[in-house]
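**Q** Please find one structure pasted underneath; my questions will follow.
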Amino acid sequence: MTEIGYTLSSEEHSAPALVRFAQQAEDAGFASVTISDHYHPWLESQGESAFVWCTIGGIAATTKLQVTTGVTCPTVRIHPAVIAQAAATAATMLEGRFRFGVGSGEALNEHILGTRWPPADVRLEMLDEAIEVMRALWSGEVVNHHGRHYTVENARIYSLPSSPPPVLVSGFGPKATSLAARIGDGYFNTSPAKELLDQYVEEGGTGPKLALVKVCWGEDEQQCIKLAHELWRSSGIPGEASQEFPMPAHFEQASQLVTEQMVAESISCGPDVERHASSIRKYIDAGYDEIYITQVGPDQQGFFKFFEHDLRPLLV
């Protein structure tokens with residue numbers, strides 16, 4: 001049976017709020033959450049972007065949830081030797097309930113140190129090598145690595161979990177999906193693209209397949225559509241632009257072409273439980289093992305009540 005989890009949106013909410021929402025999600029019956037990891041929000045209207053590793057510490061200290069980053073880019077902004085230590089520490093705090101979701105990233109978050117933003121094929125090559133470096137460090141041995149993209153000298157991580165965290169790789173296209181199948185312990189996507197799920201399995205991927213889906217529950221459908229457009233119209237920008245724009249201002253400009261109706265077609269909005277259930281069933285039917293719901297906007301507590309009493313029974 002498909003597991004239904006909850007997504008903590010670091011772009012919309014402060015770290016203290018995210019920790020509180022994680023606690024409320026657990027009370028509502030969720031057993032697992034994902035949490036986004038960015039340096040910038042997509043849009044100025046979202047308004048937040050806390051350092052996710054601090055937030056994870058708060059969640060670990062106050063819940064028994066499984067936590068998966070959705071997703072971290074371990075290649076440019078933070079060296080894989082450093083992020084390997086962060087992931088190892090998170091895994092010790094969560095006592096086996098941490099999974100490390102990774103991806104090739106976006107210029108929005110990774111350009112900030114002035115490092116050249118490489119093309120997609122190179123970014124995937126960097127991600128491949130970064131995962132190799134991190135897994136070597138999680139062995140507890142002294143690591144010396146002199147690769148094409150990364151150098152590590154005399155590095156050893158002392159604070160380690162009893163077993164390395166699973167690495168789940170995001171794949172929004174065929175090349176990234178191939179990488180996920182080859183080296184990942186699981187797979188991430190944000191669309192019900194059955195052909196990519198099939199590719200992942202056909203190429204040897206055996207780990208869990210995770211999807212992220214947004215909804216905007218509320219009593220007033222038009223207000224929900226307006227809110228979803230205000231906060232997530234950036235999701236309607238097509239093609240590779242989301243990986244190439246360096247600033248929220250650029251997403252603001254490009255998303256002027258995204259109408260409220262376009263957002264309503266991709267994010268289920270309003271009070272209709274069947275509409276939300278239908279949106280989520282597309283991912284269930286595609287073959288995902290785990291689906292993580294983002295409730296757009298400030299009313300998370302209302303969503304938890306709606307999920308617990310109305311939505312969940314339609315998804316089991």
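Here, A, B, ... name the chains of the structure tokens in the order displayed, residue numbers run from 1 inside each chain, and ligands are numbered from 1 in the same displayed order.
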Report as a PyMOL selection string: the residues of segment 44-240 of chain A with a DSSP assignment of strand (DSSP E or B), based on the backbone of this structure.

**A** chain A and resi 66-69+72+98-102+143-146+151-155+167-170+186-189+209-217

**Q** As number ranges by chain, please: the residues near segment 199-203 of chain A (cut-off 10 Å, only C-alpha atoms, same-chain neighbours under 2 positions excluded).

**A** A: 171, 174, 176-182, 186-187, 194-197, 205-207, 209

**Q** Using only C-alpha atoms, which of the listed residues (A:Gln301, A:Gln261, A:Ser170, A:Asn154) sits closest to Asp27 of chain A?

**A**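 Of A:Gln301, A:Gln261, A:Ser170, A:Asn154, the one nearest Asp27 of chain A, counting only C-alpha atoms, is A:Gln301.
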
**Q** Report, in Å with one decimal, the straight-line distance from atom CA of Val76 of chain A to atom CA of Trp53 of chain A.

**A**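 Calculated distance between atom CA of Val76 of chain A and atom CA of Trp53 of chain A is 16.9 Å.
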
**Q** Quick one, how far is atom CA of Ile78 of chain A from atom CA of Ala211 of chain A?

**A** 24.9 Å

**Q** For a quick check of understanding, using only C-alpha atoms, which of A:Glu106, A:Asp285, A:Glu153, A:Glu26 has the smallest distance to Lys305 of chain A?

**A**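 Answer, going by the shortest atom-to-atom distance: A:Glu26.
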
**Q** At most 12 Å is the cut-off: for each residue in segment 65-105 of chain A with any atom that close to an atom of segment 230-249 of chain A, write down the nearest atom pair and the distance in Å rounded to one decimal, counting only C-alpha atoms, chain first then increasing number, as CSV.

**A**
residue,atom,partner,partner_atom,distance
A:Cys73,CA,A:Gln243,CA,11.9
A:Gly103,CA,A:Gln243,CA,11.2
A:Ser104,CA,A:Gln243,CA,9.0
A:Gly105,CA,A:Gln243,CA,6.9

**Q** Would you output that residue set with all heavy atoms, as an mmCIF file, in the first residue's frame?

**A**
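File result.cif, as written:
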data_model
loop_
_atom_site.group_PDB
_atom_site.id
_atom_site.type_symbol
_atom_site.label_atom_id
_atom_site.label_comp_id
_atom_site.auth_asym_id
_atom_site.auth_seq_id
_atom_site.Cartn_x
_atom_site.Cartn_y
_atom_site.Cartn_z
ATOM 1 N N CYS A 73 21.280 19.442 -2.555
ATOM 2 C CA CYS A 73 22.296 19.410 -3.608
ATOM 3 C C CYS A 73 23.670 19.375 -2.944
ATOM 4 O O CYS A 73 24.096 20.363 -2.339
ATOM 5 C CB CYS A 73 22.183 20.633 -4.514
ATOM 6 S SG CYS A 73 23.438 20.680 -5.821
ATOM 7 N N GLY A 103 19.934 15.773 -5.194
ATOM 8 C CA GLY A 103 19.684 16.087 -6.582
ATOM 9 C C GLY A 103 20.785 16.970 -7.124
ATOM 10 O O GLY A 103 21.695 17.380 -6.392
ATOM 11 N N SER A 104 20.697 17.279 -8.400
ATOM 12 C CA SER A 104 21.771 18.047 -9.064
ATOM 13 C C SER A 104 21.615 19.546 -8.894
ATOM 14 O O SER A 104 22.481 20.307 -9.323
ATOM 15 C CB SER A 104 21.827 17.695 -10.552
ATOM 16 O OG SER A 104 20.592 17.984 -11.185
ATOM 17 N N GLY A 105 20.521 20.009 -8.279
ATOM 18 C CA GLY A 105 20.433 21.382 -7.833
ATOM 19 C C GLY A 105 19.944 22.388 -8.842
ATOM 20 O O GLY A 105 19.660 22.078 -9.996
#

**Q** Just checking: using only C-alpha atoms, which residue out of A:Thr7, A:Thr72, A:Thr190, A:Gln222 ends up closest to Ser32 of chain A?

**A**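 Comparing A:Thr7, A:Thr72, A:Thr190, A:Gln222 against Ser32 of chain A, the winner is A:Thr7.
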
**Q** Nearest to Gly140 of chain A among A:Met126, A:His250, A:Pro161, A:Ile83, with distances taken over only C-alpha atoms: which residue is it?

**A** A:Pro161

**Q** What parts of segment 109-297 of chain A does DSSP call alpha helix (DSSP H)? I'd like the answer as a PyMOL selection string.

**A** chain A and resi 109-110+120-137+174-183+194-202+221-232+241-244+248-254+260-266+273-286
